[in-house]
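Reviewing the structure listed below.
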Amino acid sequence: MIIKTINSTFNIQKIRQDFPILSEKVNGKPLVYMDSGSTAQKPTQVIDAVSNYYQKQNSNIHRGVHHLSQEITIAYEKARATVQNHLNAEVPQEIIFTSGTTDSINLVASSFGRKYINKGDEIIISEMEHHSNILPWQMLCEERGAVLKVIPINDEGELRLDEYKNLLCSKTKIVAVTHVSNTLGTINPVKEMIALAHEQNIPVLIDGAQAVTHMKVDVQDLDADFYCFSGHKLFGPTGVGILYGKEKWLNEMPPYKVGGGIIKTVTFEKTTYADLPLKFEAGTPHIAGGIGLAAAIDYINDIGLEEIGAYEHEILEYATLKLTAIEGLRIIGTAKDKASVISFVIDGLHPFDVGTILDKQGIAVRTGHHCTQPLMELFGIPGTIRASMVFHNTKEEIDVLVNGIQKAIKMLK
Amino acid sequence: MKIAEIEQEIIEEFELFGDDWEGKYEHLIDLAKSIPMIDTQYKTDDRLIKGCQSKVWLHSRLKDGKVIFTADSDAIITKGIVALMIRVISEHTADEIINAQFEFINKIGLIEHLSPTRSNGLISMIKQMKMDAVVYKQMKL
């Protein structure tokens, strides 16, 4: 199947060959992987980059004068520049390597929090946040006596901007919202939300974990103060992630973790810290992760994010149509603007049971609360079944999913 | 019947299905309907086995020196597995329960449900059943 999109030809067969795991069998059936929202599969290009690092480049960065150390330092900083260009950050020192989105958010909550959050201050999050974008702020609020304010959502699973506007006030010190909901697929109007916060000089952190996979993100265009994402959801290795922060904030914020590699001088009386980005990168980083992440970014840019977006939109529409036709199936999250993530429930069936029967048919979906328990409570359900698709998924796989669901309904009812 | 004998009976029952996963799971779904149902008054949050995805309520009592279990779950496959567990160890002495190995779970091809990543609370349930048995044992001493 070759699909014509905006600028070029999107060759799905070739793309699928890039992902070795897609030829695996699960329970004797060809793997249908629809759990990319949890973690994306890795193309050969990423696997090779990581393998090549360990086989030919392994050495520590920023430490040695020897050849390998210098080479890998250059490669690691080049990876940072790849991320910088990808996000259109102004300068490379605005890109901090972390262990993932969770780590990035914790860094900001802890460091920004220590510097700027005091008793009675307010922090705004939303009802659709992943626990990773709730708990760091909740803990910060408990520690500092601050108050957590939550933007509600409507029945379709869209943020209520009228309520958001009402929450923004002189007490608000930071807003932290997700770009794309991991459970509902909703794409939030973050550019507009950032502009509204900036009218009152309030900085905004965007959790981009689910967004970067599906769309082009330009941090300068969004005017985001902080933008976080994980390497592993962007077809890169696990254990590596990114915090983008505007230089003015990162310069003012204290180090989050301290240790080797982040200092200018150390005496027992006083330590002066290194400049950005090293100030926030204590200890030996996940070097292979950084190299692999850069390879992943190069890979998706070679395909083209516009092409990816157009194709994913097509499979989202196809899947929505097909799933909606199943009797008793209800899609949770019907926002106008959605990424290729579909959560659903089936009348009278527990998501765990459906997930188990799908697994037996080689179909990998996620079931449960997706680390968004407050959201599940809001919808009054124990969890959902979530099919999160990316550009290597096909309409044929969606048909397999639909047949799989029908079989599950037949068996379980 | 001894625990090991009941386990053997279940193994033979499941052997009939061979590689037919559908048959196996349909049988499990049927077994769910035979679960010794927990009395509604005991279906409280404190009797909930902590599992990530499906809820399991477990209750036990001592009758004539033997531990009797009743339970329920909101997911039918989990409920089928719980029904099997109860069939194996309910109405045995505390000592027998403490020493039970539950090898049948592996042998009938349901080992995947025992994996901690599965997060269906089965491991927690085994732990809870054995802990109840330990409590009854100490009560007797």
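Ordering of the structure tokens sets the chain letters (A, B, ...); residue numbers start at 1 within each chain; ligands are numbered from 1 in the order shown.
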
Residues of chain B in helix (DSSP H, G or I), written as a count of residues only: 81

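For His92 in chain B, the residues within 8 Å (counting only C-alpha atoms, excluding itself and residues fewer than 2 positions away along the chain) are Ile3, Lys66, Val67, Ile68, Ile89, Ser90, Ala94, Glu96 and Ile97 of chain B.
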
Proximal residues of chain B relative to chain A (only C-alpha atoms; 8 Å) as a PyMOL selection string: chain B and resi 21+26+29+52-54+74-78

For CA of Phe69 in chain B and CA of Ile86 in chain B, the interatomic separation in Å (one decimal): 6.4 Å

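Nearest residue to Glu127 in chain A, choosing from A:Lys115, A:Arg144, A:Arg160, A:His86 and counting only C-alpha atoms: A:Arg160.
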
Residue contacts of His62 in chain A (12 Å, only C-alpha atoms) excluding same-chain residues fewer than 3 positions away, as a list in words: Ser59, Val65, His66, His67, Leu68, Ser69, Gln70, Glu71, Ile72, Thr73, Ile74, Ala75, Tyr76, Glu77, Gly260, Gly261, Ile262, Leu278, Glu281, Ala282, Gly283, Thr284, Pro285 and Ile287 of chain A

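Using only C-alpha atoms, the contacts of Met131 in chain B at a cut-off of 10 Å, with sequence neighbours closer than 5 positions omitted, comprise Ala94, Ile97, Ile98, Met125, Ile126, Tyr136 and Lys137 of chain B.
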
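Around Phe17 in chain B, within 10 Å and counting only C-alpha atoms, the residues found are Gly23, Lys24, Tyr25, His27 and Ile108 of chain B, once anything fewer than 6 positions away on its own chain is removed.
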
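Proximity of B:Glu103, B:Asp95, B:Asp30, B:Asp46 to Lys130 in chain B, computed with only C-alpha atoms, is greatest for B:Asp95.
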
Spatial neighbours of range 5-13 of chain B, max dist 6 Å, only C-alpha atoms, sep filter under 2 positions, as a VMD selection string: chain B and resid 2 to 3 15 to 16 88 104 108

Who sits within 10 Å of Leu378 in chain A, only C-alpha atoms, same chain under 5 positions skipped, as a ChimeraX atom specification: /A:127-128,152-153,155,373

Using N, CA and C atoms, can you write the selected residues to a file as a PDB file, in the first residue's frame?
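Writing the result to out-v9.pdb gives the following:
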ATOM      1  N   GLU A 127      -7.307  18.464  34.416  1.00  0.00           N
ATOM      2  CA  GLU A 127      -7.906  17.179  34.800  1.00  0.00           C
ATOM      3  C   GLU A 127      -7.391  16.024  33.970  1.00  0.00           C
ATOM      4  N   MET A 128      -6.806  16.292  32.812  1.00  0.00           N
ATOM      5  CA  MET A 128      -6.387  15.188  31.941  1.00  0.00           C
ATOM      6  C   MET A 128      -4.895  14.877  32.067  1.00  0.00           C
ATOM      7  N   PRO A 152     -10.824  22.128  34.441  1.00  0.00           N
ATOM      8  CA  PRO A 152     -11.738  21.015  34.123  1.00  0.00           C
ATOM      9  C   PRO A 152     -11.822  20.751  32.624  1.00  0.00           C
ATOM     10  N   ILE A 153     -12.389  19.593  32.285  1.00  0.00           N
ATOM     11  CA  ILE A 153     -12.590  19.255  30.866  1.00  0.00           C
ATOM     12  C   ILE A 153     -14.086  19.116  30.580  1.00  0.00           C
ATOM     13  N   ASP A 155     -17.322  17.136  28.217  1.00  0.00           N
ATOM     14  CA  ASP A 155     -17.672  15.730  27.978  1.00  0.00           C
ATOM     15  C   ASP A 155     -16.885  15.101  26.834  1.00  0.00           C
ATOM     16  N   GLN A 373      -5.762   8.363  36.907  1.00  0.00           N
ATOM     17  CA  GLN A 373      -6.882   7.931  37.751  1.00  0.00           C
ATOM     18  C   GLN A 373      -7.944   9.020  37.947  1.00  0.00           C
TER      19      GLN A 373
END

Which of chain B DSSP labels strand (DSSP E), written as a list in words: Leu48, Ile49, Val56, Trp57, Leu58, His59, Ser60, Arg61, Leu62, Lys63, Lys66, Val67, Ile68, Phe69, Thr70, Ala71, Asp72 and Ser73 of chain B

Store the residues picked out above in a file with N, CA and C atoms, as an mmCIF file, in the first residue's frame.
data_model
loop_
_atom_site.group_PDB
_atom_site.id
_atom_site.type_symbol
_atom_site.label_atom_id
_atom_site.label_comp_id
_atom_site.auth_asym_id
_atom_site.auth_seq_id
_atom_site.Cartn_x
_atom_site.Cartn_y
_atom_site.Cartn_z
ATOM 1 N N LEU B 48 -10.300 -5.623 49.636
ATOM 2 C CA LEU B 48 -9.896 -5.543 48.239
ATOM 3 C C LEU B 48 -8.423 -5.914 48.119
ATOM 4 N N ILE B 49 -8.116 -6.822 47.199
ATOM 5 C CA ILE B 49 -6.715 -7.158 46.946
ATOM 6 C C ILE B 49 -6.169 -6.085 46.017
ATOM 7 N N VAL B 56 -10.302 -7.468 43.133
ATOM 8 C CA VAL B 56 -10.622 -8.771 43.710
ATOM 9 C C VAL B 56 -10.924 -8.576 45.193
ATOM 10 N N TRP B 57 -12.108 -9.036 45.595
ATOM 11 C CA TRP B 57 -12.445 -9.012 47.017
ATOM 12 C C TRP B 57 -12.304 -10.430 47.556
ATOM 13 N N LEU B 58 -11.674 -10.559 48.702
ATOM 14 C CA LEU B 58 -11.440 -11.890 49.265
ATOM 15 C C LEU B 58 -11.860 -11.891 50.733
ATOM 16 N N HIS B 59 -12.548 -12.960 51.120
ATOM 17 C CA HIS B 59 -12.943 -13.098 52.520
ATOM 18 C C HIS B 59 -12.647 -14.523 52.972
ATOM 19 N N SER B 60 -12.237 -14.671 54.222
ATOM 20 C CA SER B 60 -12.016 -16.032 54.722
ATOM 21 C C SER B 60 -12.616 -16.192 56.114
ATOM 22 N N ARG B 61 -12.954 -17.424 56.443
ATOM 23 C CA ARG B 61 -13.400 -17.727 57.807
ATOM 24 C C ARG B 61 -12.946 -19.143 58.150
ATOM 25 N N LEU B 62 -12.923 -19.416 59.456
ATOM 26 C CA LEU B 62 -12.484 -20.745 59.906
ATOM 27 C C LEU B 62 -13.711 -21.563 60.289
ATOM 28 N N LYS B 63 -13.802 -22.776 59.739
ATOM 29 C CA LYS B 63 -14.940 -23.636 60.102
ATOM 30 C C LYS B 63 -14.417 -25.058 60.321
ATOM 31 N N LYS B 66 -10.903 -25.713 59.346
ATOM 32 C CA LYS B 66 -10.531 -25.502 57.945
ATOM 33 C C LYS B 66 -10.860 -24.074 57.505
ATOM 34 N N VAL B 67 -10.027 -23.562 56.576
ATOM 35 C CA VAL B 67 -10.226 -22.182 56.127
ATOM 36 C C VAL B 67 -11.120 -22.185 54.884
ATOM 37 N N ILE B 68 -12.176 -21.378 54.955
ATOM 38 C CA ILE B 68 -13.122 -21.296 53.834
ATOM 39 C C ILE B 68 -12.954 -19.915 53.183
ATOM 40 N N PHE B 69 -12.727 -19.909 51.865
ATOM 41 C CA PHE B 69 -12.585 -18.633 51.155
ATOM 42 C C PHE B 69 -13.806 -18.355 50.284
ATOM 43 N N THR B 70 -14.188 -17.082 50.236
ATOM 44 C CA THR B 70 -15.160 -16.624 49.241
ATOM 45 C C THR B 70 -14.570 -15.382 48.591
ATOM 46 N N ALA B 71 -15.010 -15.076 47.377
ATOM 47 C CA ALA B 71 -14.390 -13.951 46.661
ATOM 48 C C ALA B 71 -15.282 -13.452 45.540
ATOM 49 N N ASP B 72 -14.837 -12.365 44.920
ATOM 50 C CA ASP B 72 -15.472 -11.863 43.701
ATOM 51 C C ASP B 72 -14.461 -10.966 42.980
ATOM 52 N N SER B 73 -14.692 -10.749 41.695
ATOM 53 C CA SER B 73 -13.844 -9.821 40.939
ATOM 54 C C SER B 73 -14.695 -9.102 39.909
#

Å distance separating CA of Ile300 in chain A from CA of Thr101 in chain A, one decimal place: 19.4 Å

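Picture a line from CA of Leu87 in chain A to CA of Asp218 in chain A; it runs 5.0 Å.
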
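With only C-alpha atoms as the atoms that count, the minimum distance from Ser34 in chain B to the choices B:Ala4, B:Lys127, B:Ile105, B:Leu84 is reached by B:Leu84.
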
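Among the candidates A:Thr324, A:Thr102, A:Asn201, A:Thr238, the one nearest to Gly292 in chain A when counting only C-alpha atoms is A:Thr238.
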
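Comparing the minimum interatomic distances between Lys191 in chain A and each of A:Val345, A:Leu222, A:Leu250, A:Val83, counting only C-alpha atoms, we find that A:Leu222 sits nearest.
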